[in-house]
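Trainee: Here you go, this is protein-v6.txt (compact mmCIF, C-alpha atoms and all ligand atoms).
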# COMPACT_ATOMS: atom_id res chain seq x y z
CA MET A 1 -22.20 20.42 40.46
CA HIS A 2 -19.98 19.09 43.21
CA LYS A 3 -20.82 16.58 45.87
CA ILE A 4 -18.90 15.29 48.85
CA PHE A 5 -19.06 11.56 49.40
CA ALA A 6 -18.84 11.02 53.14
CA LYS A 7 -18.11 7.31 53.55
CA PRO A 8 -14.73 6.92 51.83
CA LEU A 9 -11.68 8.73 53.20
CA PHE A 10 -10.17 9.98 50.00
CA LEU A 11 -11.99 8.64 46.94
CA GLY A 12 -14.67 11.10 45.87
CA LYS A 13 -13.58 13.93 48.14
CA LYS A 14 -13.56 15.91 44.93
CA ALA A 15 -16.44 14.96 42.67
CA VAL A 16 -17.77 16.57 39.53
CA PHE A 17 -21.19 15.82 38.08
CA LEU A 18 -21.98 16.55 34.43
CA PRO A 19 -25.61 16.14 33.32
CA GLN A 20 -24.22 14.60 30.14
CA CYS A 21 -20.87 14.11 28.44
CA HIS A 22 -19.18 12.04 25.77
CA SER A 23 -17.57 9.63 28.20
CA THR A 24 -16.68 10.05 31.87
CA ASN A 25 -13.31 8.38 31.24
CA GLU A 26 -12.55 10.91 28.48
CA GLU A 27 -13.76 13.93 30.47
CA LEU A 28 -11.83 12.98 33.58
CA SER A 29 -8.72 12.25 31.56
CA HIS A 30 -8.92 15.77 30.02
CA LEU A 31 -9.42 17.34 33.45
CA VAL A 32 -6.46 15.64 35.09
CA HIS A 33 -4.20 16.49 32.16
CA ALA A 34 -5.25 20.13 32.18
CA SER A 35 -4.76 20.73 35.91
CA ASN A 36 -3.26 19.14 38.98
CA GLU A 37 -6.27 17.21 40.27
CA PRO A 38 -6.11 15.11 43.45
CA GLU A 39 -5.96 11.36 43.44
CA GLY A 40 -9.44 10.03 44.17
CA MET A 41 -11.24 12.64 42.09
CA VAL A 42 -14.50 11.34 40.64
CA LEU A 43 -16.45 12.42 37.59
CA TYR A 44 -19.95 11.09 36.99
CA THR A 45 -22.84 11.71 34.68
CA ASP A 46 -26.44 10.90 33.87
CA TYR A 47 -25.79 10.26 30.21
CA GLN A 48 -22.88 9.44 27.91
CA GLN A 49 -23.08 10.22 24.21
CA ARG A 50 -20.07 8.07 23.39
CA GLY A 51 -19.56 5.75 26.37
CA LYS A 52 -16.47 3.63 25.92
CA GLY A 53 -16.35 -0.12 26.46
CA GLN A 54 -13.61 -2.70 26.31
CA ARG A 55 -12.09 -3.90 23.02
CA GLY A 56 -13.07 -0.65 21.28
CA ASN A 57 -16.79 -1.27 21.91
CA GLY A 58 -19.25 1.36 23.12
CA TRP A 59 -21.22 1.48 26.36
CA VAL A 60 -24.88 2.38 26.06
CA SER A 61 -26.91 3.34 29.11
CA GLU A 62 -30.37 4.91 29.41
CA ARG A 63 -30.33 8.54 30.58
CA GLY A 64 -30.57 9.00 34.34
CA LYS A 65 -30.94 5.33 35.19
CA ASN A 66 -27.49 3.97 35.97
CA VAL A 67 -24.17 4.73 37.57
CA LEU A 68 -21.67 6.06 35.03
CA MET A 69 -18.53 7.14 36.83
CA SER A 70 -14.78 7.44 36.56
CA VAL A 71 -12.22 7.58 39.34
CA PHE A 72 -8.73 9.07 39.10
CA LEU A 73 -5.92 7.06 40.69
CA LYS A 74 -2.15 7.47 40.87
CA PRO A 75 -0.96 3.90 41.39
CA THR A 76 2.76 4.68 41.03
CA PHE A 77 3.49 1.65 43.23
CA LEU A 78 2.39 -0.67 40.38
CA SER A 79 4.59 -1.78 37.50
CA PRO A 80 3.04 -1.96 34.02
CA GLN A 81 2.93 -5.77 34.40
CA GLN A 82 0.79 -5.33 37.52
CA GLN A 83 -1.68 -3.03 35.81
CA PHE A 84 -4.32 -5.75 35.68
CA PHE A 85 -4.61 -5.59 39.47
CA LEU A 86 -6.58 -2.37 38.99
CA ASN A 87 -9.10 -4.35 36.97
CA LEU A 88 -9.27 -7.03 39.63
CA ILE A 89 -9.86 -4.66 42.54
CA SER A 90 -12.47 -2.67 40.62
CA GLY A 91 -14.41 -5.85 39.91
CA LEU A 92 -14.07 -7.02 43.51
CA ALA A 93 -15.33 -3.65 44.75
CA VAL A 94 -18.44 -3.82 42.56
CA VAL A 95 -19.18 -7.37 43.75
CA ASP A 96 -19.04 -6.03 47.33
CA VAL A 97 -21.40 -3.17 46.43
CA ILE A 98 -23.97 -5.49 44.89
CA LYS A 99 -23.90 -7.71 47.93
CA ARG A 100 -24.18 -4.77 50.35
CA VAL A 101 -26.78 -2.74 48.49
CA ALA A 102 -28.92 -5.38 46.77
CA LYS A 103 -28.07 -8.52 48.81
CA LYS A 104 -27.18 -10.36 45.59
CA GLU A 105 -24.21 -12.58 44.86
CA ALA A 106 -22.23 -11.45 41.84
CA VAL A 107 -19.33 -13.08 40.04
CA LEU A 108 -16.53 -11.81 37.82
CA LYS A 109 -16.24 -12.77 34.19
CA TRP A 110 -12.58 -12.47 33.23
CA PRO A 111 -11.13 -9.92 33.25
CA ASN A 112 -13.61 -7.70 35.10
CA ASP A 113 -17.19 -7.86 33.90
CA VAL A 114 -19.57 -8.27 36.80
CA TYR A 115 -22.35 -10.80 36.36
CA VAL A 116 -25.46 -11.68 38.34
CA ASN A 117 -27.37 -14.82 37.34
CA GLU A 118 -25.25 -15.15 34.17
CA GLN A 119 -26.22 -11.63 33.04
CA LYS A 120 -23.89 -8.65 32.85
CA ILE A 121 -24.66 -5.94 35.38
CA THR A 122 -21.45 -3.89 35.26
CA GLY A 123 -18.73 -3.08 32.76
CA ILE A 124 -15.38 -1.67 33.85
CA LEU A 125 -12.80 0.11 31.72
CA VAL A 126 -9.42 0.92 33.26
CA GLU A 127 -7.19 3.23 31.22
CA SER A 128 -3.63 3.84 32.41
CA ASN A 129 -0.74 6.13 31.57
CA LEU A 130 2.76 4.76 31.89
CA LEU A 131 5.97 6.65 32.46
CA GLY A 132 9.05 4.44 32.31
CA ASN A 133 8.37 1.47 34.52
CA LYS A 134 5.57 3.07 36.50
CA ILE A 135 1.86 3.61 36.17
CA VAL A 136 1.56 7.31 36.85
CA GLN A 137 -2.16 7.72 36.32
CA ALA A 138 -5.17 5.50 35.89
CA ILE A 139 -8.79 6.20 35.21
CA VAL A 140 -11.17 3.53 36.46
CA GLY A 141 -14.47 3.78 34.59
CA ILE A 142 -17.47 1.94 35.98
CA GLY A 143 -20.87 1.49 34.34
CA LEU A 144 -23.17 -0.19 36.86
CA ASN A 145 -26.73 -0.84 35.74
CA VAL A 146 -28.99 0.30 38.54
CA ASN A 147 -32.58 1.28 37.69
CA GLN A 148 -32.81 0.47 33.98
CA ALA A 149 -35.81 -1.79 33.33
CA GLY A 150 -34.89 -3.22 29.92
CA PHE A 151 -31.93 -3.55 27.57
CA ASN A 152 -31.51 -3.72 23.80
CA VAL A 153 -28.57 -6.07 24.17
CA PRO A 154 -28.79 -9.72 25.23
CA ASN A 155 -27.60 -10.91 28.65
CA ALA A 156 -27.75 -7.56 30.42
CA THR A 157 -29.35 -6.88 33.75
CA SER A 158 -29.64 -4.22 36.44
CA LEU A 159 -30.13 -4.07 40.20
CA PHE A 160 -33.78 -3.23 39.53
CA LEU A 161 -34.30 -6.25 37.28
CA GLU A 162 -32.66 -8.51 39.85
CA THR A 163 -34.45 -7.25 42.94
CA GLY A 164 -37.54 -5.31 41.80
CA GLU A 165 -36.28 -2.32 43.80
CA LYS A 166 -35.17 1.15 42.74
CA TYR A 167 -31.96 2.56 44.21
CA ASP A 168 -30.61 6.05 44.84
CA ARG A 169 -27.69 6.12 42.44
CA GLU A 170 -25.69 8.86 44.11
CA SER A 171 -26.08 8.46 47.82
CA VAL A 172 -26.33 4.69 47.86
CA VAL A 173 -24.73 2.98 44.92
CA MET A 174 -21.90 5.41 44.09
CA GLU A 175 -21.10 6.02 47.71
CA TYR A 176 -20.56 2.28 48.22
CA VAL A 177 -18.61 1.92 44.97
CA LEU A 178 -16.19 4.52 46.30
CA LEU A 179 -16.08 2.98 49.75
CA TYR A 180 -15.28 -0.53 48.51
CA LEU A 181 -12.96 0.64 45.75
CA GLU A 182 -11.04 2.53 48.40
CA LYS A 183 -10.91 -0.58 50.59
CA TRP A 184 -9.48 -2.73 47.78
CA TYR A 185 -7.16 0.00 46.55
CA LYS A 186 -5.64 0.34 50.02
CA SER A 187 -5.22 -3.42 50.17
CA LEU A 188 -3.43 -3.30 46.80
CA LYS A 189 -1.24 -0.43 47.95
CA SER A 190 -0.29 -2.46 51.01
CA GLY A 191 0.94 -5.21 48.69
CA ASN A 192 -1.75 -7.82 49.43
CA TYR A 193 -1.41 -9.28 45.95
CA ALA A 194 -1.92 -12.90 46.99
CA ALA A 195 -5.09 -12.12 48.97
CA ILE A 196 -6.53 -10.13 46.06
CA LEU A 197 -5.77 -12.91 43.60
CA ASN A 198 -7.27 -15.44 45.96
CA GLU A 199 -10.51 -13.48 46.29
CA TYR A 200 -10.62 -12.91 42.54
CA HIS A 201 -10.20 -16.63 41.84
CA LYS A 202 -13.03 -17.45 44.23
CA LEU A 203 -15.36 -15.20 42.26
CA LEU A 204 -14.16 -16.10 38.77
CA MET A 205 -17.11 -17.14 36.61
CA TRP A 206 -16.96 -20.66 35.11
CA ARG A 207 -13.75 -21.53 36.98
CA GLY A 208 -13.42 -25.30 37.20
CA GLU A 209 -16.32 -25.94 34.79
CA LEU A 210 -16.04 -27.45 31.32
CA ARG A 211 -17.32 -24.70 28.99
CA SER A 212 -17.24 -23.66 25.34
CA PHE A 213 -14.92 -20.95 24.05
CA SER A 214 -13.55 -19.79 20.74
CA ALA A 215 -10.11 -18.54 19.80
CA GLU A 216 -8.50 -17.94 16.38
CA GLY A 217 -11.82 -18.83 14.73
CA ARG A 218 -11.96 -22.27 16.36
CA GLU A 219 -14.45 -23.50 18.96
CA PHE A 220 -13.22 -25.66 21.79
CA GLN A 221 -14.06 -26.83 25.28
CA GLY A 222 -11.92 -25.82 28.19
CA GLU A 223 -11.84 -25.35 31.93
CA ILE A 224 -10.77 -22.01 33.37
CA VAL A 225 -8.03 -22.52 35.93
CA GLY A 226 -7.42 -18.88 36.88
CA ILE A 227 -5.17 -16.04 35.82
CA ASP A 228 -1.39 -16.00 35.58
CA ALA A 229 1.12 -13.47 36.92
CA SER A 230 0.40 -11.05 34.09
CA GLY A 231 -3.39 -11.32 34.23
CA ARG A 232 -3.79 -13.71 31.30
CA LEU A 233 -6.61 -16.24 31.46
CA ALA A 234 -5.26 -19.72 32.15
CA MET A 235 -7.31 -22.58 30.79
CA ASN A 236 -7.01 -26.33 30.73
CA VAL A 237 -7.75 -27.40 27.16
CA SER A 238 -7.63 -31.19 26.66
CA GLY A 239 -5.03 -31.58 29.37
CA HIS A 240 -2.83 -28.67 28.19
CA LEU A 241 -2.56 -25.31 29.93
CA LYS A 242 -3.27 -22.45 27.51
CA TYR A 243 -3.03 -18.73 28.20
CA PHE A 244 -5.10 -15.99 26.60
CA ASN A 245 -4.88 -12.22 26.42
CA ILE A 246 -8.02 -10.09 26.46
CA LYS A 247 -8.79 -10.05 22.75
CA GLU A 248 -7.80 -13.64 22.11
CA VAL A 249 -10.69 -15.65 23.52
CA LYS A 250 -14.48 -15.52 23.44
CA PHE A 251 -16.78 -17.09 26.00
CA LEU A 252 -19.51 -19.09 24.24
CA GLY A 253 -21.46 -20.93 26.89
C1 LIG A 301 -17.16 -2.90 29.03
O1 LIG A 301 -17.02 -2.95 27.81
O2 LIG A 301 -17.71 -3.82 29.64
C2 LIG A 301 -16.65 -1.72 29.81
C3 LIG A 301 -17.68 -0.66 29.91
C4 LIG A 301 -17.25 0.52 30.77
C5 LIG A 301 -18.31 1.60 30.81
C6 LIG A 301 -17.98 2.70 31.76
S1 LIG A 301 -19.33 3.80 31.95
C7 LIG A 301 -18.33 4.95 32.78
C8 LIG A 301 -16.99 4.94 32.10
N1 LIG A 301 -16.96 5.88 31.00
C9 LIG A 301 -16.85 5.28 29.83
O3 LIG A 301 -16.84 5.84 28.72
N2 LIG A 301 -16.78 3.95 29.99
C10 LIG A 301 -16.80 3.58 31.39
Can I see the file as structure tokens?
Ligand code: BTN
Mentor:
Amino acid sequence: MHKIFAKPLFLGKKAVFLPQCHSTNEELSHLVHASNEPEGMVLYTDYQQRGKGQRGNGWVSERGKNVLMSVFLKPTFLSPQQQFFLNLISGLAVVDVIKRVAKKEAVLKWPNDVYVNEQKITGILVESNLLGNKIVQAIVGIGLNVNQAGFNVPNATSLFLETGEKYDRESVVMEYVLLYLEKWYKSLKSGNYAAILNEYHKLLMWRGELRSFSAEGREFQGEIVGIDASGRLAMNVSGHLKYFNIKEVKFLG
């Protein structure tokens, strides 16, 4: 099934719906490797049998309840060191969607989980292909919990749980995801790195608060300062600035 999303200019102009699949990131990656698909192509589904999460985790979502989508980008203007900007703009786009569609304030848990009221509402998985010093292709996978009424994992929520309202996943939520992702992607392409970082820092969960974390099997208290030029989390720990990569630190509370 194919749908045309009207609001964005180029994201989603080609869209493929599969009633179910292993993972939208995997399916879209196969498609773009097999044929010359346009930048902005979207693949979405009602159900993933093997949804992929960050750090090798899975992503479980009730059939027909949520947005499970992947977007194909060709960000050849980014260097591998700037790859994390794709994570930042995807998170920023989802925060915009939640505000627009559900009138709720969302924040970003580093690097790009989207949280409402300290509960995770969206997971994002960006997978890139590098060629030399360029990112030739990227698949941005977004799992946004929309109408699901309960979760088997702690600290998860949905638009429905937050507002008591049901949403049209395709013509409301996805359409706005594409619209705002396009907005932020264009901003990135125009080189607005400082503005993007600034917006990201404003929305960064726990920034400036003394919180508990663990790293290398040790618990400690620290204050998130922001992210550095390569996307690492910068934290003030007992007066010293420490930097963490994605798998190196856990947020405790
Ligand atoms: C996370 O661990 O928080 C990231 C989860 C990303 C899930 C989305 S759902 C659509 C896309 N396809 C996948 O297999 N994963 C991403």
Trainee: Using all atoms listed in the file, which protein or nucleic acid residues are at most 9 Å from ligand LIG 301 (chain A), as a ChimeraX atom specification?
Mentor: /A:22-27,44-45,48-61,67-70,112-114,120,122-126,139-144
Trainee: Can you pull out the residues contacting Glu223 in chain A? Cut-off 7 Å, using only C-alpha atoms, and skip same-chain residues under 2 positions away; I want them as a PyMOL selection string.
Mentor: chain A and resi 207-211+225+235-237
Trainee: Can you tell me, as a PyMOL selection string, what residues are no more than 12 Å from Gln221 in chain A when counting only C-alpha atoms, ignoring any on the same chain fewer than 5 positions away?
Mentor: chain A and resi 206+209-215+235-240+242+249-253
Trainee: At most 8 Å is the cut-off: for each residue in range 149-235 of chain A with any atom that close to an atom of range 97-111 of chain A, write down the nearest atom pair and the distance in Å rounded to one decimal, counting all atoms listed in the file, chain first then increasing number, as CSV.
Mentor:
residue,atom,partner,partner_atom,distance
A:Leu159,CA,A:Ala102,CA,6.8
A:Thr163,CA,A:Ala102,CA,7.0
A:Val172,CA,A:Val101,CA,7.5
A:Val173,CA,A:Val101,CA,7.0
A:Tyr176,CA,A:Val97,CA,5.8
A:Val177,CA,A:Val97,CA,6.0
A:Tyr180,CA,A:Val97,CA,7.0
A:Tyr200,CA,A:Leu108,CA,7.6
A:Leu203,CA,A:Val107,CA,5.0
A:Leu204,CA,A:Leu108,CA,5.0
A:Met205,CA,A:Lys109,CA,5.1
A:Trp206,CA,A:Lys109,CA,8.0
A:Gly231,CA,A:Pro111,CA,7.9
A:Leu233,CA,A:Trp110,CA,7.3
Trainee: Work out how far apart CA of Gly132 in chain A and CA of Ser79 in chain A are and give it in Å to one decimal.
Mentor: 9.2 Å
Trainee: Taking all atoms listed in the file into account, which of A:Lys134, A:Lys183, A:Lys247, A:Lys65 comes nearest Asp96 in chain A?
Mentor: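 Closest residue, counting all atoms listed in the file: A:Lys183.
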Trainee: Do you have the CA of Leu43 in chain A-CA of Ile135 in chain A distance handy?
Mentor: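 So the answer is 20.4 Å.
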Trainee: So which one's closest to Gly12 in chain A, A:Glu170, A:Asn66, A:Leu130, A:Leu178? Using all atoms listed in the file, please.
Mentor: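 For Gly12 in chain A, the nearest of the given residues is A:Leu178.
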Trainee: One decimal, in Å: what's the spacing between CA of Ala15 in chain A and CA of Val42 in chain A?
Mentor: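 Distance between the two atoms: 4.6 Å.
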Trainee: Starting from the point (-27.4, 19.2, 35.6), work out which residues of protein, DNA or RNA have an atom no more than 9 Å away when counting all atoms listed in the file; state them as an mmCIF file with C-alpha atoms, keeping the file's coordinate frame.
Mentor:
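Heads up, here's the output in result-v6.cif:
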data_model
loop_
_atom_site.group_PDB
_atom_site.id
_atom_site.type_symbol
_atom_site.label_atom_id
_atom_site.label_comp_id
_atom_site.auth_asym_id
_atom_site.auth_seq_id
_atom_site.Cartn_x
_atom_site.Cartn_y
_atom_site.Cartn_z
ATOM 1 C CA MET A 1 -22.200 20.420 40.460
ATOM 2 C CA PHE A 17 -21.190 15.820 38.080
ATOM 3 C CA LEU A 18 -21.980 16.550 34.430
ATOM 4 C CA PRO A 19 -25.610 16.140 33.320
ATOM 5 C CA GLN A 20 -24.220 14.600 30.140
ATOM 6 C CA THR A 45 -22.840 11.710 34.680
ATOM 7 C CA ASP A 46 -26.440 10.900 33.870
#
Trainee: Point out the residue among A:Phe72, A:Tyr115, A:Phe5, A:Phe77 with the least atom-to-atom distance to Pro38 in chain A, counting all atoms listed in the file.
Mentor: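 For Pro38 in chain A, the nearest of the given residues is A:Phe72.
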Trainee: Considering all atoms listed in the file, return as a PDB file with C-alpha atoms, in the frame of the given file whatever protein or nucleic-acid residues lie within 7 Å of Leu179 in chain A, sequence-local ones (same chain, fewer than 4 positions apart) excluded.
Mentor:
ATOM      1  CA  LYS A   7     -18.110   7.310  53.550  1.00  0.00           C
ATOM      2  CA  PRO A   8     -14.730   6.920  51.830  1.00  0.00           C
ATOM      3  CA  GLU A 175     -21.100   6.020  47.710  1.00  0.00           C
ATOM      4  CA  LYS A 183     -10.910  -0.580  50.590  1.00  0.00           C
TER       5      LYS A 183
END
Trainee: Is there a way to get, as a PyMOL selection string, all residues within 9 Å of the point (-27.4, -14.6, 34.5) in file coordinates, counting only C-alpha atoms?
Mentor: chain A and resi 115-120+155-157
Trainee: For each of A:Lys166, A:Ile121, A:Ile224, A:Gly91, take the minimum atom-to-atom distance to Val153 in chain A, counting all atoms listed in the file, then give the residue where this is smallest.
Mentor: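 Using all atoms listed in the file, the shortest distance to Val153 in chain A belongs to A:Ile121.
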Trainee: Which residue is closest to Ile227 in chain A? Choose from A:Lys13, A:Phe151, A:Glu39, A:Leu88 and count all atoms listed in the file.
Mentor: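 Looking at the shortest contact to Ile227 in chain A, the residue is A:Leu88.
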Trainee: For range 211-215 of chain A, I'd like the enclosing box, axis-aligned and padded by 6 Å on every side, reported as JSON with centre and edge lengths in Å to one decimal.
Mentor:
{"center_x": -13.7, "center_y": -21.6, "center_z": 24.4, "size_x": 19.2, "size_y": 18.2, "size_z": 21.2}
